[in-house]
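**Q** The structure follows.
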Amino acid sequence: MTQGGKNYTIKKKRNNIVEESASVEIRQAVAYNIHRIRKGQKLSIERTAELTGVSKSMLGQIERGAVNPTITVLAKIADGLHVPLEQLIAHRTEDPVMLYRGVDSMGERLDGGKVICYDLFPYVQDSGSESRYMSIFLTGVYQAQDQIPHSRVYITVLSGTVEICCGEEKFTLENRDSLTFPGYLPHRYTNVCNATVRLIERIQYKKEQ
């Protein structure tokens, strides 16, 4: 191979690397934006699939950054979520320090008000995780709406006694107990004591290579 041919090959490889890097960056931005918007609208994967006409499986892959969705798919998601298409593909550089005030977090009331969930850290692209604080009052039951493949749930109980069912297994956790399980398992948390249960739930999503 001539020197000119070598230089051309090296340049082509470098261009391919740059293009692949840009593609991954866009894919991650789309994953972050769709997940953030969906969570902001308090929508489950199932409900989002109904609204957009995009399958639950495909939405899960997109939110994990596993696939590059077509413009047609993105347009359907944007239409179903009632947001401009530009919001789904916008790429933002996160600030190195982020402060989230508790007073700014609007609690989501579930189970007739017996469960209140507060976002601690919303989904962050770099960490691939999100976490929230949960209060489960007497006889309250939290039933997870989403079962996300390739994710893992981490629970730490701050006070009270809670029964956690994940899949076919049941565990009773008390103050400072922790439990982790695959996010694809159906799971629910039940207050089984005479006081309010307070816990922190963190979900870690697998980073695609």
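Following the order of the structure tokens, chains are lettered A, B, ..., residues in each are numbered from 1, and ligands are numbered from 1.
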Near A:Gln204, within 8 Å and counting only C-alpha atoms, which residues show up once chain neighbours fewer than 3 positions away are dropped, as a PyMOL selection string?
**A** chain A and resi 128-130+151-154
**Q** List as a PyMOL selection string the protein and nucleic acid residues near A:Lys114, meaning an atom at most 8 Å away when only C-alpha atoms are counted, but skip any in the same chain fewer than 2 places from it.
**A** chain A and resi 109-112+116+136-141
**Q** Could you list, as an MDAnalysis selection string, every residue within 6 Å of stretch 50-55 of chain A, counting only C-alpha atoms and ignoring same-chain residues fewer than 4 positions away?
**A** chainID A and resid 76:77 80
**Q** For the residues selected in the previous step, produce a file with N, CA, C and O atoms as a PDB file, in the first residue's frame.
**A**
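Final output, saved to part36.pdb:
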ATOM      1  N   LYS A  76     -43.652   9.828  16.256  1.00  0.00           N
ATOM      2  CA  LYS A  76     -44.794   9.217  16.947  1.00  0.00           C
ATOM      3  C   LYS A  76     -44.698   9.442  18.455  1.00  0.00           C
ATOM      4  O   LYS A  76     -45.703   9.733  19.115  1.00  0.00           O
ATOM      5  N   ILE A  77     -43.485   9.330  19.004  1.00  0.00           N
ATOM      6  CA  ILE A  77     -43.296   9.553  20.441  1.00  0.00           C
ATOM      7  C   ILE A  77     -43.564  11.010  20.790  1.00  0.00           C
ATOM      8  O   ILE A  77     -44.242  11.314  21.776  1.00  0.00           O
ATOM      9  N   GLY A  80     -47.269  11.635  20.687  1.00  0.00           N
ATOM     10  CA  GLY A  80     -47.966  11.029  21.817  1.00  0.00           C
ATOM     11  C   GLY A  80     -47.712  11.739  23.128  1.00  0.00           C
ATOM     12  O   GLY A  80     -48.594  11.809  23.991  1.00  0.00           O
TER      13      GLY A  80
END
**Q** Just how far from atom CA of A:Thr70 is atom CA of A:Gln87, in Å to one decimal?
**A**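 So the answer is 15.2 Å.
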**Q** Got a sec: who's within 9 Å of stretch 167-181 of chain A, counting only C-alpha atoms, leaving out chain neighbours fewer than 5 positions off, as a PDB file with C-alpha atoms, in the first residue's frame?
**A**
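Final file, result.pdb:
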ATOM      1  CA  SER A 151     -32.212  -2.383  35.320  1.00  0.00           C
ATOM      2  CA  ARG A 152     -31.689  -2.967  39.030  1.00  0.00           C
ATOM      3  CA  VAL A 153     -33.648  -1.594  42.000  1.00  0.00           C
ATOM      4  CA  TYR A 154     -31.978  -0.679  45.311  1.00  0.00           C
ATOM      5  CA  ILE A 155     -34.097  -0.141  48.430  1.00  0.00           C
ATOM      6  CA  THR A 156     -32.974   1.259  51.790  1.00  0.00           C
ATOM      7  CA  VAL A 157     -35.492   1.576  54.619  1.00  0.00           C
ATOM      8  CA  LEU A 158     -35.126   4.671  56.784  1.00  0.00           C
ATOM      9  CA  SER A 159     -37.937   3.918  59.252  1.00  0.00           C
ATOM     10  CA  GLY A 160     -40.837   1.542  59.785  1.00  0.00           C
ATOM     11  CA  THR A 161     -41.366  -2.032  58.614  1.00  0.00           C
ATOM     12  CA  VAL A 162     -42.174  -2.838  55.002  1.00  0.00           C
ATOM     13  CA  PRO A 186     -42.996  -7.137  39.275  1.00  0.00           C
ATOM     14  CA  HIS A 187     -42.644  -5.554  42.701  1.00  0.00           C
ATOM     15  CA  VAL A 192     -46.913  -3.817  57.681  1.00  0.00           C
ATOM     16  CA  VAL A 197     -42.609   3.641  56.351  1.00  0.00           C
ATOM     17  CA  ARG A 198     -39.936   5.861  54.836  1.00  0.00           C
ATOM     18  CA  LEU A 199     -37.526   4.495  52.271  1.00  0.00           C
TER      19      LEU A 199
END
**Q** Counting only C-alpha atoms, figure out which residue out of A:Tyr184, A:Tyr142, A:Tyr189, A:Tyr133 gets nearest to A:Arg202.
**A**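 Under the stated criterion, the closest residue is A:Tyr133.
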**Q** For A:Ser105, which of A:Asn191, A:Gly40, A:Gly65, A:Thr196 is the closest residue, counting only C-alpha atoms?
**A**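 Using only C-alpha atoms, A:Ser105 sits closest to A:Gly40.
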**Q** Just the strand (DSSP E) stuff from stretch 53-196 of chain A, please, per backbone DSSP, written as an MDAnalysis selection string.
**A** chainID A and resid 108:110 115:124 129:136 141:143 151:159 162:166 169:173 178:182 187:191
**Q** Write out as number ranges by chain all residues of stretch 21-206 of chain A that DSSP puts in alpha helix (DSSP H) for this structure's backbone.
**A** A: 21-40, 45-52, 56-63, 71-81, 85-89
**Q** Between A:Leu120, A:Leu59, A:Val73, A:Leu81, which is the closest to A:Gln41 once you count only C-alpha atoms?
**A**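 For A:Gln41, the nearest of the candidates is A:Leu81.
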**Q** Could you state the separation of atom CA of A:Arg188 and atom CA of A:Val67 in Å, given to one decimal place?
**A**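 Atom-to-atom, atom CA of A:Arg188 and atom CA of A:Val67 are spaced 29.6 Å apart.
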**Q** Which is closer to A:Ala31 than all the others in A:Pro69, A:Gly183, A:Pro122, A:Gly102, using only C-alpha atoms?
**A**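 So, comparing all the options, the nearest one is A:Pro69.
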